[in-house]
$ cat entry-v2.txt   # compact mmCIF, C-alpha atoms and all ligand atoms
# COMPACT_ATOMS: atom_id res chain seq x y z
CA MET A 268 57.49 -40.88 -0.81
CA PRO A 269 56.88 -42.42 2.62
CA LYS A 270 58.21 -45.95 3.20
CA ASN A 271 56.01 -47.19 5.99
CA ILE A 272 52.39 -46.20 6.65
CA MET A 273 50.46 -47.77 9.55
CA VAL A 274 46.77 -47.06 9.99
CA TYR A 275 45.14 -47.75 13.37
CA SER A 276 41.41 -48.02 12.81
CA THR A 277 38.18 -49.63 13.92
CA LYS A 278 35.83 -51.49 11.62
CA SER A 279 32.88 -49.25 12.44
CA CYS A 280 34.64 -45.88 12.14
CA PRO A 281 33.54 -44.00 8.99
CA TYR A 282 36.56 -41.65 9.08
CA CYS A 283 38.84 -44.72 9.07
CA LYS A 284 37.05 -46.01 5.96
CA MET A 285 37.43 -42.63 4.26
CA LEU A 286 41.12 -42.53 5.14
CA LYS A 287 41.75 -46.04 3.79
CA SER A 288 39.83 -45.48 0.58
CA PHE A 289 41.78 -42.22 0.13
CA LEU A 290 45.12 -44.07 0.54
CA ASN A 291 43.95 -46.73 -1.93
CA GLU A 292 42.77 -44.05 -4.35
CA ILE A 293 46.22 -42.37 -4.41
CA GLY A 294 47.99 -45.76 -4.60
CA MET A 295 49.70 -45.75 -1.18
CA ASN A 296 50.51 -49.07 0.45
CA PHE A 297 49.72 -49.24 4.14
CA GLN A 298 49.28 -51.68 7.02
CA ASP A 299 45.85 -51.62 8.57
CA TYR A 300 45.44 -52.53 12.25
CA ASP A 301 41.90 -53.12 13.53
CA ILE A 302 42.39 -52.04 17.13
CA GLY A 303 38.86 -53.15 18.02
CA LYS A 304 40.23 -56.70 17.68
CA ASP A 305 43.96 -56.30 18.32
CA ALA A 306 44.54 -55.14 21.92
CA ARG A 307 48.34 -55.01 21.46
CA ARG A 308 48.04 -52.61 18.53
CA ALA A 309 45.41 -50.57 20.44
CA LYS A 310 47.94 -50.08 23.25
CA GLU A 311 50.65 -49.22 20.72
CA MET A 312 48.39 -46.59 19.13
CA VAL A 313 47.62 -44.95 22.47
CA GLU A 314 51.32 -44.91 23.38
CA LYS A 315 52.31 -43.35 20.05
CA SER A 316 49.55 -40.76 19.81
CA GLY A 317 48.30 -40.18 23.35
CA GLN A 318 44.82 -40.56 21.82
CA MET A 319 41.88 -42.85 22.47
CA SER A 320 40.25 -41.95 19.22
CA VAL A 321 40.62 -43.32 15.73
CA PRO A 322 41.95 -43.08 13.09
CA VAL A 323 45.62 -42.62 13.94
CA THR A 324 48.23 -42.93 11.18
CA ASP A 325 51.96 -43.40 11.53
CA VAL A 326 53.76 -42.13 8.41
CA ASP A 327 57.44 -43.06 8.83
CA GLY A 328 57.18 -42.15 12.53
CA ARG A 329 55.13 -38.97 12.02
CA ILE A 330 51.78 -39.33 13.77
CA ILE A 331 48.63 -37.96 12.14
CA ILE A 332 45.45 -37.91 14.20
CA GLY A 333 42.08 -38.05 12.43
CA PHE A 334 41.47 -37.74 8.72
CA ASP A 335 41.84 -34.51 6.81
CA ARG A 336 42.49 -35.11 3.11
CA ARG A 337 44.50 -31.93 2.74
CA VAL A 338 46.75 -32.68 5.75
CA PHE A 339 47.48 -36.09 4.24
CA MET A 340 48.20 -34.60 0.80
CA GLU A 341 50.74 -32.31 2.45
CA GLU A 342 52.27 -34.99 4.71
CA LEU A 343 52.61 -37.38 1.79
CA GLY A 344 54.21 -34.71 -0.37
CA LEU A 345 51.34 -34.49 -2.88
CA ALA A 346 50.35 -31.01 -4.07
CA PRO A 347 46.71 -30.03 -3.48
CA LYS A 348 44.67 -29.87 -6.67
CA GLY A 349 42.54 -26.99 -7.93
CA GLY A 350 42.99 -23.27 -8.36
CA GLN A 351 41.02 -20.08 -8.00
CA ARG A 352 38.43 -18.89 -10.50
CA LYS A 353 34.83 -17.74 -10.53
CA TYR A 354 32.20 -20.46 -10.28
CA ASP A 355 28.47 -20.32 -10.93
CA LEU A 356 27.94 -22.06 -7.61
CA VAL A 357 29.77 -23.08 -4.45
CA ILE A 358 28.14 -25.78 -2.32
CA VAL A 359 29.27 -25.86 1.31
CA GLY A 360 28.96 -29.23 3.06
CA ALA A 361 28.50 -32.81 1.90
CA GLY A 362 25.86 -34.28 4.16
CA PRO A 363 22.66 -35.51 2.50
CA ALA A 364 21.66 -31.90 1.63
CA GLY A 365 24.95 -30.87 -0.01
CA ILE A 366 25.41 -34.23 -1.73
CA THR A 367 21.94 -34.12 -3.27
CA ALA A 368 22.42 -30.48 -4.29
CA SER A 369 25.69 -31.51 -5.99
CA ILE A 370 24.02 -34.36 -7.89
CA TYR A 371 21.31 -32.00 -9.14
CA ALA A 372 23.87 -29.29 -10.02
CA SER A 373 25.92 -31.87 -11.96
CA ARG A 374 22.91 -33.04 -13.92
CA LYS A 375 22.12 -29.39 -14.76
CA LYS A 376 25.77 -29.07 -15.95
CA MET A 377 26.39 -26.18 -13.58
CA ASP A 378 29.94 -24.94 -13.07
CA PHE A 379 30.39 -25.58 -9.36
CA VAL A 380 32.68 -26.80 -6.61
CA LEU A 381 31.69 -28.74 -3.51
CA ILE A 382 33.72 -27.69 -0.46
CA THR A 383 33.34 -29.83 2.63
CA LYS A 384 35.01 -30.95 5.80
CA ASP A 385 33.86 -34.52 5.15
CA ILE A 386 31.51 -36.67 3.11
CA GLY A 387 28.34 -37.92 4.78
CA GLY A 388 27.98 -35.47 7.67
CA GLN A 389 25.86 -36.73 10.55
CA THR A 390 24.63 -39.67 8.46
CA LYS A 391 27.91 -41.46 9.20
CA TRP A 392 27.16 -41.49 12.92
CA SER A 393 23.91 -43.42 12.76
CA ALA A 394 24.09 -47.07 13.76
CA GLY A 395 20.98 -47.96 11.81
CA ILE A 396 18.67 -46.05 9.49
CA GLU A 397 15.19 -47.45 8.90
CA ASN A 398 13.48 -44.39 7.46
CA TYR A 399 15.33 -43.55 4.24
CA THR A 400 13.10 -44.60 1.38
CA GLY A 401 14.32 -47.62 -0.55
CA TYR A 402 16.29 -49.07 2.36
CA GLN A 403 14.52 -51.12 4.99
CA PHE A 404 17.72 -51.00 7.03
CA ILE A 405 21.11 -49.50 6.31
CA THR A 406 23.89 -48.31 8.62
CA GLY A 407 25.10 -44.71 8.47
CA PRO A 408 28.57 -45.64 7.16
CA GLU A 409 26.99 -47.86 4.46
CA LEU A 410 24.65 -45.09 3.30
CA THR A 411 27.59 -42.67 3.29
CA GLU A 412 29.52 -45.01 0.98
CA LYS A 413 26.53 -45.11 -1.36
CA PHE A 414 26.33 -41.30 -1.27
CA ARG A 415 30.06 -41.07 -2.07
CA LYS A 416 29.77 -43.45 -5.03
CA HIS A 417 26.81 -41.50 -6.35
CA LEU A 418 28.84 -38.27 -6.14
CA GLU A 419 31.86 -39.84 -7.81
CA GLN A 420 29.71 -41.03 -10.71
CA PHE A 421 29.45 -37.40 -11.87
CA GLY A 422 33.18 -36.61 -11.64
CA MET A 423 32.63 -33.19 -10.06
CA GLU A 424 35.23 -31.01 -8.31
CA ILE A 425 35.21 -31.86 -4.61
CA ARG A 426 37.42 -30.19 -2.05
CA GLU A 427 37.13 -32.66 0.78
CA GLY A 428 38.76 -31.96 4.12
CA GLU A 429 38.49 -28.19 3.67
CA GLY A 430 36.49 -26.01 6.04
CA VAL A 431 34.72 -22.86 4.91
CA VAL A 432 35.44 -19.96 7.24
CA SER A 433 33.15 -17.28 5.82
CA VAL A 434 30.71 -16.53 3.01
CA GLU A 435 30.27 -12.85 2.12
CA ARG A 436 28.56 -10.97 -0.65
CA LYS A 437 31.09 -8.81 -2.54
CA LYS A 438 30.04 -6.60 -5.47
CA GLY A 439 27.13 -8.83 -6.48
CA ASP A 440 29.15 -12.07 -6.21
CA PHE A 441 30.11 -14.22 -3.24
CA LEU A 442 33.51 -14.56 -1.69
CA VAL A 443 33.90 -17.95 0.01
CA ARG A 444 36.93 -18.09 2.30
CA THR A 445 38.25 -21.47 3.36
CA GLU A 446 41.14 -22.54 5.59
CA LYS A 447 43.20 -22.90 2.41
CA GLY A 448 42.08 -20.18 0.03
CA GLU A 449 39.32 -18.11 -1.52
CA PHE A 450 36.60 -18.88 -4.06
CA SER A 451 34.43 -16.52 -6.01
CA ALA A 452 30.92 -17.56 -7.09
CA LYS A 453 27.67 -16.15 -8.41
CA THR A 454 25.59 -18.27 -6.01
CA VAL A 455 26.18 -20.31 -2.85
CA ILE A 456 24.26 -23.17 -1.27
CA LEU A 457 24.93 -23.53 2.45
CA ALA A 458 24.47 -27.12 3.57
CA SER A 459 26.82 -27.24 6.55
CA GLY A 460 24.33 -29.04 8.81
CA ARG A 461 24.84 -29.24 12.54
CA ILE A 462 27.71 -29.72 14.98
CA PRO A 463 27.56 -31.51 18.35
CA ARG A 464 26.68 -29.38 21.36
CA LYS A 465 29.35 -29.23 24.05
CA LEU A 466 28.64 -30.06 27.68
CA GLY A 467 30.73 -27.13 28.91
CA VAL A 468 32.14 -28.78 32.04
CA GLU A 469 35.62 -29.03 33.50
CA GLY A 470 37.66 -31.75 31.79
CA GLU A 471 35.64 -31.87 28.54
CA GLU A 472 38.28 -30.11 26.41
CA LYS A 473 41.23 -31.62 28.28
CA PHE A 474 40.10 -35.22 27.74
CA LEU A 475 38.78 -34.81 24.20
CA GLY A 476 40.15 -37.84 22.33
CA ARG A 477 41.33 -39.25 25.69
CA GLY A 478 38.01 -40.70 26.74
CA VAL A 479 35.69 -37.84 25.81
CA THR A 480 34.05 -38.31 22.43
CA TYR A 481 31.06 -37.16 20.38
CA CYS A 482 30.97 -40.21 18.08
CA ALA A 483 29.97 -43.63 19.43
CA THR A 484 30.10 -45.18 15.95
CA CYS A 485 33.74 -44.12 15.54
CA ASP A 486 35.20 -44.64 18.99
CA GLY A 487 32.89 -47.21 20.60
CA PRO A 488 35.16 -50.23 19.87
CA LEU A 489 37.98 -48.64 21.92
CA PHE A 490 35.90 -49.13 25.04
CA ALA A 491 35.37 -52.88 24.74
CA GLY A 492 34.73 -54.39 28.18
CA LYS A 493 34.95 -50.99 29.88
CA GLU A 494 32.53 -48.91 31.89
CA VAL A 495 31.38 -45.75 30.10
CA ALA A 496 28.95 -42.85 30.42
CA VAL A 497 26.54 -41.57 27.80
CA VAL A 498 25.29 -38.05 28.41
CA GLY A 499 21.80 -37.19 27.14
CA GLY A 500 18.31 -38.63 26.90
CA GLY A 501 17.21 -38.05 23.30
CA ASN A 502 17.42 -40.31 20.25
CA SER A 503 21.15 -39.63 19.69
CA ALA A 504 21.96 -40.63 23.28
CA LEU A 505 19.90 -43.82 23.06
CA ASP A 506 21.38 -44.61 19.63
CA ALA A 507 24.86 -44.35 21.21
CA THR A 508 23.74 -46.47 24.19
CA LEU A 509 22.44 -49.24 21.94
CA GLN A 510 25.72 -49.28 20.02
CA LEU A 511 27.73 -49.43 23.25
CA ILE A 512 25.62 -52.20 24.76
CA LYS A 513 27.24 -54.57 22.26
CA ILE A 514 30.74 -53.47 23.26
CA ALA A 515 31.09 -51.99 26.73
CA LYS A 516 30.74 -53.70 30.13
CA LYS A 517 28.31 -51.17 31.61
CA ILE A 518 26.78 -47.94 30.34
CA HIS A 519 25.72 -45.12 32.66
CA VAL A 520 23.13 -43.01 30.84
CA ILE A 521 23.16 -39.62 32.52
CA ASP A 522 20.27 -37.36 31.62
CA VAL A 523 19.32 -33.96 32.98
CA ALA A 524 15.56 -34.55 32.46
CA PRO A 525 13.38 -36.71 34.74
CA LYS A 526 12.51 -39.04 31.84
CA PHE A 527 13.78 -39.86 28.34
CA ARG A 528 12.76 -37.97 25.20
CA ALA A 529 13.98 -40.75 22.93
CA ASP A 530 11.73 -43.10 20.97
CA ARG A 531 10.13 -45.69 23.26
CA VAL A 532 11.42 -48.62 21.24
CA MET A 533 15.02 -47.50 21.82
CA VAL A 534 14.52 -46.98 25.54
CA GLU A 535 12.95 -50.44 25.89
CA LYS A 536 15.86 -52.08 24.06
CA ALA A 537 18.35 -50.33 26.36
CA GLN A 538 16.38 -51.33 29.47
CA ALA A 539 16.10 -54.95 28.33
CA SER A 540 19.90 -55.24 27.83
CA GLY A 541 20.58 -55.25 31.57
CA LYS A 542 23.81 -53.34 30.85
CA ALA A 543 22.50 -49.78 31.09
CA VAL A 544 22.19 -47.88 34.38
CA PHE A 545 19.96 -44.80 34.16
CA HIS A 546 20.68 -41.62 36.10
CA HIS A 547 17.69 -39.28 35.59
CA SER A 548 17.52 -35.63 36.71
CA ALA A 549 21.31 -35.86 36.82
CA GLU A 550 24.13 -33.73 35.43
CA ILE A 551 27.83 -34.31 34.96
CA THR A 552 29.66 -31.46 36.65
CA ARG A 553 33.25 -32.60 36.07
CA ILE A 554 35.23 -35.09 34.02
CA PHE A 555 38.27 -36.30 35.84
CA GLY A 556 41.38 -38.36 35.04
CA ASN A 557 45.14 -38.43 34.69
CA ASP A 558 46.23 -38.99 31.09
CA PHE A 559 42.82 -40.46 30.26
CA VAL A 560 39.33 -40.25 31.73
CA ARG A 561 38.93 -42.08 35.03
CA SER A 562 35.61 -40.80 36.40
CA VAL A 563 32.82 -38.27 36.22
CA THR A 564 31.19 -36.32 39.02
CA VAL A 565 27.40 -36.44 38.88
CA SER A 566 25.04 -34.04 40.60
CA GLN A 567 21.56 -35.50 41.15
CA GLU A 568 18.81 -33.75 43.06
CA GLY A 569 21.18 -32.03 45.49
CA LYS A 570 23.52 -35.04 45.91
CA LYS A 571 26.97 -35.38 44.35
CA TYR A 572 28.72 -38.67 43.56
CA ASP A 573 31.53 -39.99 41.38
CA VAL A 574 31.09 -42.72 38.78
CA ALA A 575 34.21 -44.57 37.60
CA VAL A 576 34.16 -44.59 33.78
CA GLU A 577 36.81 -44.65 31.08
CA GLY A 578 34.72 -43.14 28.31
CA VAL A 579 32.26 -40.23 28.15
CA PHE A 580 30.02 -40.12 25.08
CA ILE A 581 28.42 -36.69 24.83
CA GLU A 582 25.09 -36.85 23.00
CA ILE A 583 23.19 -33.73 24.04
CA GLY A 584 22.05 -32.48 20.68
CA SER A 585 23.59 -30.15 18.19
CA LEU A 586 23.83 -26.56 16.98
CA PRO A 587 23.40 -25.27 13.41
CA ALA A 588 26.72 -24.66 11.63
CA SER A 589 25.43 -21.32 10.36
CA GLU A 590 27.94 -18.85 11.76
CA ILE A 591 29.95 -18.78 8.49
CA ALA A 592 27.19 -16.73 6.82
CA GLN A 593 26.94 -13.56 8.90
CA GLU A 594 24.54 -11.80 6.49
CA ALA A 595 21.97 -14.60 6.47
CA LYS A 596 18.92 -14.02 8.66
CA LYS A 597 18.62 -16.56 11.47
CA ASN A 598 15.93 -17.56 13.94
CA GLU A 599 16.36 -17.63 17.74
CA TYR A 600 18.10 -21.04 17.50
CA GLY A 601 20.68 -19.78 15.00
CA GLU A 602 19.02 -21.64 12.11
CA ILE A 603 19.05 -19.91 8.73
CA GLU A 604 15.58 -18.80 7.68
CA VAL A 605 14.57 -20.03 4.23
CA ASN A 606 11.41 -19.94 2.16
CA CYS A 607 9.96 -22.95 0.33
CA LYS A 608 12.54 -22.47 -2.48
CA CYS A 609 15.47 -22.57 -0.04
CA GLU A 610 16.12 -18.87 -0.63
CA THR A 611 17.60 -16.86 2.25
CA ASN A 612 17.21 -13.11 2.75
CA VAL A 613 20.38 -12.60 0.62
CA PRO A 614 19.76 -12.88 -3.15
CA GLY A 615 21.82 -15.75 -4.62
CA LEU A 616 22.42 -17.33 -1.21
CA PHE A 617 20.51 -20.57 -0.65
CA ALA A 618 20.46 -22.93 2.32
CA ALA A 619 19.32 -26.53 2.75
CA GLY A 620 19.13 -29.19 5.41
CA ASP A 621 19.67 -29.21 9.14
CA LEU A 622 21.17 -25.72 9.40
CA THR A 623 17.89 -24.15 8.27
CA ASP A 624 14.65 -23.45 10.12
CA VAL A 625 12.87 -26.23 8.17
CA PRO A 626 11.41 -28.64 10.77
CA ALA A 627 12.20 -32.38 10.90
CA LYS A 628 15.96 -32.84 10.95
CA GLN A 629 16.10 -36.02 8.93
CA ILE A 630 18.19 -37.44 6.10
CA ILE A 631 15.34 -37.62 3.64
CA VAL A 632 14.23 -34.07 4.41
CA ALA A 633 17.78 -32.71 4.06
CA ALA A 634 18.22 -34.55 0.75
CA GLY A 635 14.93 -33.13 -0.58
CA GLU A 636 15.87 -29.62 0.50
CA GLY A 637 19.27 -30.01 -1.21
CA ALA A 638 17.53 -30.90 -4.47
CA LYS A 639 15.30 -27.84 -4.20
CA ALA A 640 18.21 -25.54 -3.40
CA ALA A 641 20.14 -26.65 -6.51
CA MET A 642 17.09 -26.12 -8.73
CA SER A 643 16.53 -22.68 -7.20
CA ALA A 644 20.19 -21.71 -7.76
CA PHE A 645 19.89 -22.89 -11.37
CA GLU A 646 16.74 -20.80 -11.87
CA TYR A 647 18.41 -17.76 -10.26
CA LEU A 648 21.42 -18.05 -12.58
CA SER A 649 19.22 -18.54 -15.66
CA LYS A 650 17.26 -15.38 -14.83
CA SER A 651 20.36 -13.29 -14.07
CA LYS A 652 22.15 -14.16 -17.33
C1 LIG B 1 23.49 -40.25 15.82
C2 LIG B 1 22.53 -39.77 14.76
C3 LIG B 1 21.63 -40.67 14.22
C4 LIG B 1 20.72 -40.23 13.23
N1 LIG B 1 19.85 -41.13 12.70
C5 LIG B 1 19.00 -40.74 11.72
C6 LIG B 1 18.10 -41.69 11.14
O1 LIG B 1 18.06 -42.86 11.51
N2 LIG B 1 17.28 -41.24 10.14
C7 LIG B 1 17.27 -39.94 9.71
O2 LIG B 1 16.52 -39.62 8.78
N3 LIG B 1 18.11 -39.03 10.27
C8 LIG B 1 18.96 -39.40 11.25
N4 LIG B 1 19.80 -38.46 11.82
C9 LIG B 1 19.72 -37.06 11.36
C10 LIG B 1 20.42 -36.86 10.00
O3 LIG B 1 21.71 -37.46 10.06
C11 LIG B 1 20.51 -35.39 9.65
O4 LIG B 1 19.22 -34.84 9.64
C12 LIG B 1 21.15 -35.16 8.27
O5 LIG B 1 22.42 -35.75 8.20
C13 LIG B 1 21.27 -33.67 7.97
O6 LIG B 1 21.89 -33.51 6.75
P1 LIG B 1 22.62 -32.14 6.32
O7 LIG B 1 23.19 -32.39 4.97
O8 LIG B 1 21.70 -31.01 6.49
O9 LIG B 1 23.76 -31.89 7.38
P2 LIG B 1 24.99 -32.82 8.00
O10 LIG B 1 24.62 -34.23 7.84
O11 LIG B 1 25.20 -32.23 9.32
O12 LIG B 1 26.17 -32.49 7.01
C14 LIG B 1 26.83 -31.24 7.04
C15 LIG B 1 28.05 -31.28 6.14
O13 LIG B 1 28.66 -29.98 6.12
C16 LIG B 1 30.05 -30.09 6.40
N5 LIG B 1 30.47 -28.84 7.04
C17 LIG B 1 30.08 -28.35 8.25
N6 LIG B 1 30.65 -27.14 8.46
C18 LIG B 1 31.42 -26.89 7.38
C19 LIG B 1 32.28 -25.82 7.02
N7 LIG B 1 32.45 -24.73 7.79
N8 LIG B 1 32.96 -25.91 5.84
C20 LIG B 1 32.81 -27.00 5.03
N9 LIG B 1 32.00 -28.04 5.33
C21 LIG B 1 31.32 -27.97 6.48
C22 LIG B 1 30.16 -31.33 7.28
O14 LIG B 1 31.48 -31.83 7.23
C23 LIG B 1 29.14 -32.24 6.59
O15 LIG B 1 29.71 -32.86 5.47
C24 LIG B 1 20.72 -38.86 12.79
C25 LIG B 1 21.65 -37.97 13.35
C26 LIG B 1 22.54 -38.40 14.32
C27 LIG B 1 23.51 -37.41 14.92
$ encode --input "entry-v2.txt" --output "C-alpha cells"
Amino acid sequence: MPKNIMVYSTKSCPYCKMLKSFLNEIGMNFQDYDIGKDARRAKEMVEKSGQMSVPVTDVDGRIIIGFDRRVFMEELGLAPKGGQRKYDLVIVGAGPAGITASIYASRKKMDFVLITKDIGGQTKWSAGIENYTGYQFITGPELTEKFRKHLEQFGMEIREGEGVVSVERKKGDFLVRTEKGEFSAKTVILASGRIPRKLGVEGEEKFLGRGVTYCATCDGPLFAGKEVAVVGGGNSALDATLQLIKIAKKIHVIDVAPKFRADRVMVEKAQASGKAVFHHSAEITRIFGNDFVRSVTVSQEGKKYDVAVEGVFIEIGSLPASEIAQEAKKNEYGEIEVNCKCETNVPGLFAAGDLTDVPAKQIIVAAGEGAKAAMSAFEYLSKSK
C-alpha cells in the first residue's frame, strides 16, 4: 500500500473531483493541494510533472497525470474488478445519453455493463447550465455529480476509465473490445458523444498540457493573472472566455470568422469585461515556447504577428466519437444515422446523443435520446427471446 499520496488539483476541475472521490471511495488517505490558491504547490507540481494541467498525483514519488480509474487501481496495487461474460446490453459512454440509458436499463432490470472513459462527458466542461429542466442554474461539475449519484443509486456495473476500441457484430451478437479486454453482448447502445476538434498547427501536440488545453473549466485556474488565447468564436469559445475573465489578466479571442457565432448575451458579457481582446478573421498558425507556451503566431488578413500568451484554450468545436462502430452508417459529418427509435442500420445496435445525426446537441436532448435507446434495446431483446 502506498504511504504518501499527494493530489495537485483545482477547485473547478471535474477530473480532480472524480479522482478525490475515487480515493475516498477506496479508503486511501491523501493530501490535497489546491494549486489555484497555493502558488508554491503549483510550482512544485509543474516541476515534478512537467505539466500545466491538473490533476497530478504523486504516489510515493511516482507521478500520475490525469485521472484514469484503471491506472490508479494498478498503481495502488488493487486488482481491477469484473470478468468476461455475455451481457444483454453494453452501453458505451457516460455523458447524459449513456447515463440516462443506464438508468432506464437498470429500472428494466436488464443485464448490462456501462463502459466509459469518464462520467459526465462534455457536461463537466460547462461553466453554467441554464437550460436543463428543473435547474434554473447549475454548473457542469455540479450536474455531473448529480448524474453520478443517480447512477450509483442503482448499483450497476460501471467500468469507468476504460475506452472502447471497437464494436463489431459477430455471429448475431456484438463483440465490444476495450483497452483492457473484450465483452460480448446481444445489444449495444453507443453514447460516446463528441471529442474536441484539433487546431492542427505546429506546437499543438508538443505543448499539450504545457499551456495548450481543451478544457477551460479544468485548467483555467492555472493561468491566474496570465495572458491567454482562446481559439474559436462559437458558444464553447465564449463560455471559455467568460470563465477566464474571472481568472486571467487578458484574453485574446482569436476567431477565423469575421464575426462571432456565439449567443449575443455571451459576446456582450465578454465585451463588457474590458479584459478580452478580439482578433476576427484571424488564425493561429503556430504555437511557440520552450518548455511551456510563450506565444502564438496569428495570421490576419495577410498580416502576421506574434501574441505573447502562456495558455492556449482551443474551442473550435468537436467531432463525433463514432469511429469505434465501423459498420454503423454515418452522414457526411461522421454522425451515426438513427431513426426515431435510436436504431442504426445494424440490428441490435442503437445510438443516442451527440454522436448521432439528431439535431440540437444539448444535454436534455441527449438524455431524452438515451432514454429512448434503452427502451428500444429492451423491446428488441423482448422480441428476440
Ligand atoms: C463547453 C460546453 C458547454 C456546454 N453547455 C451546455 C449547456 O449549457 N446546455 C446544454 O444543454 N448543453 C451544453 N453543452 C452540450 C452538452 O454538453 C452535450 O450536448 C451533451 O453532453 C452530449 O451528451 P452525450 O451523452 O451525447 O455525449 P458526451 O457528453 O460527449 O459524453 C460522451 C461520453 O462517452 C465517453 N466516451 C467517448 N468515447 C468513448 C470510448 N471510445 N469508450 C468509452 N467511452 C467513451 C466519454 O468519456 C463520455 O463519458 C455544452 C458543451 C460544451 C463542450
$ residues_near_point --input "entry-v2.txt" --point "(24.8, -50.4, 30.9)" --cutoff "12 Å" --atoms "only C-alpha atoms" --output "PyMOL selection string"
chain A and resi 492-497+505+507-521+536-546+576
$ residues_near_ligand --input "entry-v2.txt" --ligand "ligand LIG 1 (chain B)" --cutoff "7 Å" --atoms "all atoms listed in the file" --output "VMD selection string"
chain A and resid 359 to 365 382 to 390 392 to 399 429 to 432 458 to 462 503 506 to 507 588 591 619 to 622 628 to 631 633 to 634
$ write_last_selection --input "entry-v2.txt" --atoms "C-alpha atoms" --output "CSV table (one decimal), in the frame of the given file"
chain,number,residue,atom,x,y,z
A,359,VAL,CA,29.3,-25.9,1.3
A,360,GLY,CA,29.0,-29.2,3.1
A,361,ALA,CA,28.5,-32.8,1.9
A,362,GLY,CA,25.9,-34.3,4.2
A,363,PRO,CA,22.7,-35.5,2.5
A,364,ALA,CA,21.7,-31.9,1.6
A,365,GLY,CA,25.0,-30.9,0.0
A,382,ILE,CA,33.7,-27.7,-0.5
A,383,THR,CA,33.3,-29.8,2.6
A,384,LYS,CA,35.0,-31.0,5.8
A,385,ASP,CA,33.9,-34.5,5.2
A,386,ILE,CA,31.5,-36.7,3.1
A,387,GLY,CA,28.3,-37.9,4.8
A,388,GLY,CA,28.0,-35.5,7.7
A,389,GLN,CA,25.9,-36.7,10.6
A,390,THR,CA,24.6,-39.7,8.5
A,392,TRP,CA,27.2,-41.5,12.9
A,393,SER,CA,23.9,-43.4,12.8
A,394,ALA,CA,24.1,-47.1,13.8
A,395,GLY,CA,21.0,-48.0,11.8
A,396,ILE,CA,18.7,-46.0,9.5
A,397,GLU,CA,15.2,-47.4,8.9
A,398,ASN,CA,13.5,-44.4,7.5
A,399,TYR,CA,15.3,-43.6,4.2
A,429,GLU,CA,38.5,-28.2,3.7
A,430,GLY,CA,36.5,-26.0,6.0
A,431,VAL,CA,34.7,-22.9,4.9
A,432,VAL,CA,35.4,-20.0,7.2
A,458,ALA,CA,24.5,-27.1,3.6
A,459,SER,CA,26.8,-27.2,6.6
A,460,GLY,CA,24.3,-29.0,8.8
A,461,ARG,CA,24.8,-29.2,12.5
A,462,ILE,CA,27.7,-29.7,15.0
A,503,SER,CA,21.2,-39.6,19.7
A,506,ASP,CA,21.4,-44.6,19.6
A,507,ALA,CA,24.9,-44.4,21.2
A,588,ALA,CA,26.7,-24.7,11.6
A,591,ILE,CA,30.0,-18.8,8.5
A,619,ALA,CA,19.3,-26.5,2.8
A,620,GLY,CA,19.1,-29.2,5.4
A,621,ASP,CA,19.7,-29.2,9.1
A,622,LEU,CA,21.2,-25.7,9.4
A,628,LYS,CA,16.0,-32.8,11.0
A,629,GLN,CA,16.1,-36.0,8.9
A,630,ILE,CA,18.2,-37.4,6.1
A,631,ILE,CA,15.3,-37.6,3.6
A,633,ALA,CA,17.8,-32.7,4.1
A,634,ALA,CA,18.2,-34.6,0.8
$ closest_residue --input "entry-v2.txt" --among "A:Lys391, A:Lys438, A:Arg352, A:Lys310" --to "Met285 of chain A" --atoms "only C-alpha atoms"
A:Lys391
$ atom_distance --input "entry-v2.txt" --atom1 "atom CA of Glu435 of chain A" --atom2 "atom CA of Lys597 of chain A"
15.4 Å
$ atom_distance --input "entry-v2.txt" --atom1 "atom CA of Ile272 of chain A" --atom2 "atom CA of Phe289 of chain A"
13.1 Å
$ closest_residue --input "entry-v2.txt" --among "A:Glu550, A:Gly500, A:Glu610, A:Ile331" --to "Phe527 of chain A" --atoms "all atoms listed in the file"
A:Gly500
$ atom_distance --input "entry-v2.txt" --atom1 "atom CA of Asp327 of chain A" --atom2 "atom CA of Tyr275 of chain A"
13.9 Å
$ closest_residue --input "entry-v2.txt" --among "A:Met377, A:Ala452, A:Val579, A:Val613" --to "Met642 of chain A" --atoms "all atoms listed in the file"
A:Met377
$ closest_atom_pairs --input "entry-v2.txt" --of "segment 460-556 of chain A" --to "segment 316-321 of chain A" --cutoff "8 Å" --atoms "only C-alpha atoms" --output "JSON lines"
{"residue": "A:Gly476", "atom": "CA", "partner": "A:Ser320", "partner_atom": "CA", "distance": 5.2}
{"residue": "A:Arg477", "atom": "CA", "partner": "A:Met319", "partner_atom": "CA", "distance": 4.9}
{"residue": "A:Gly478", "atom": "CA", "partner": "A:Met319", "partner_atom": "CA", "distance": 6.2}
{"residue": "A:Thr480", "atom": "CA", "partner": "A:Ser320", "partner_atom": "CA", "distance": 7.9}
{"residue": "A:Cys485", "atom": "CA", "partner": "A:Val321", "partner_atom": "CA", "distance": 6.9}
{"residue": "A:Asp486", "atom": "CA", "partner": "A:Ser320", "partner_atom": "CA", "distance": 5.7}
{"residue": "A:Leu489", "atom": "CA", "partner": "A:Met319", "partner_atom": "CA", "distance": 7.0}
$ write_last_selection --input "entry-v2.txt" --atoms "C-alpha atoms" --output "compact mmCIF listing (two decimals), in the frame of the given file"
# COMPACT_ATOMS: atom_id res chain seq x y z
CA GLY A 476 40.15 -37.84 22.33
CA ARG A 477 41.33 -39.25 25.69
CA GLY A 478 38.01 -40.70 26.74
CA THR A 480 34.05 -38.31 22.43
CA CYS A 485 33.74 -44.12 15.54
CA ASP A 486 35.20 -44.64 18.99
CA LEU A 489 37.98 -48.64 21.92
$ closest_residue --input "entry-v2.txt" --among "A:Thr454, A:Thr623, A:Gln567, A:Thr445" --to "Ser548 of chain A" --atoms "all atoms listed in the file"
A:Gln567
$ residues_near_point --input "entry-v2.txt" --point "(41.9, -43.9, 2.7)" --cutoff "12 Å" --atoms "only C-alpha atoms" --output "VMD selection string"
chain A and resid 272 to 276 281 to 299 322 to 324 333 to 336 339 to 340
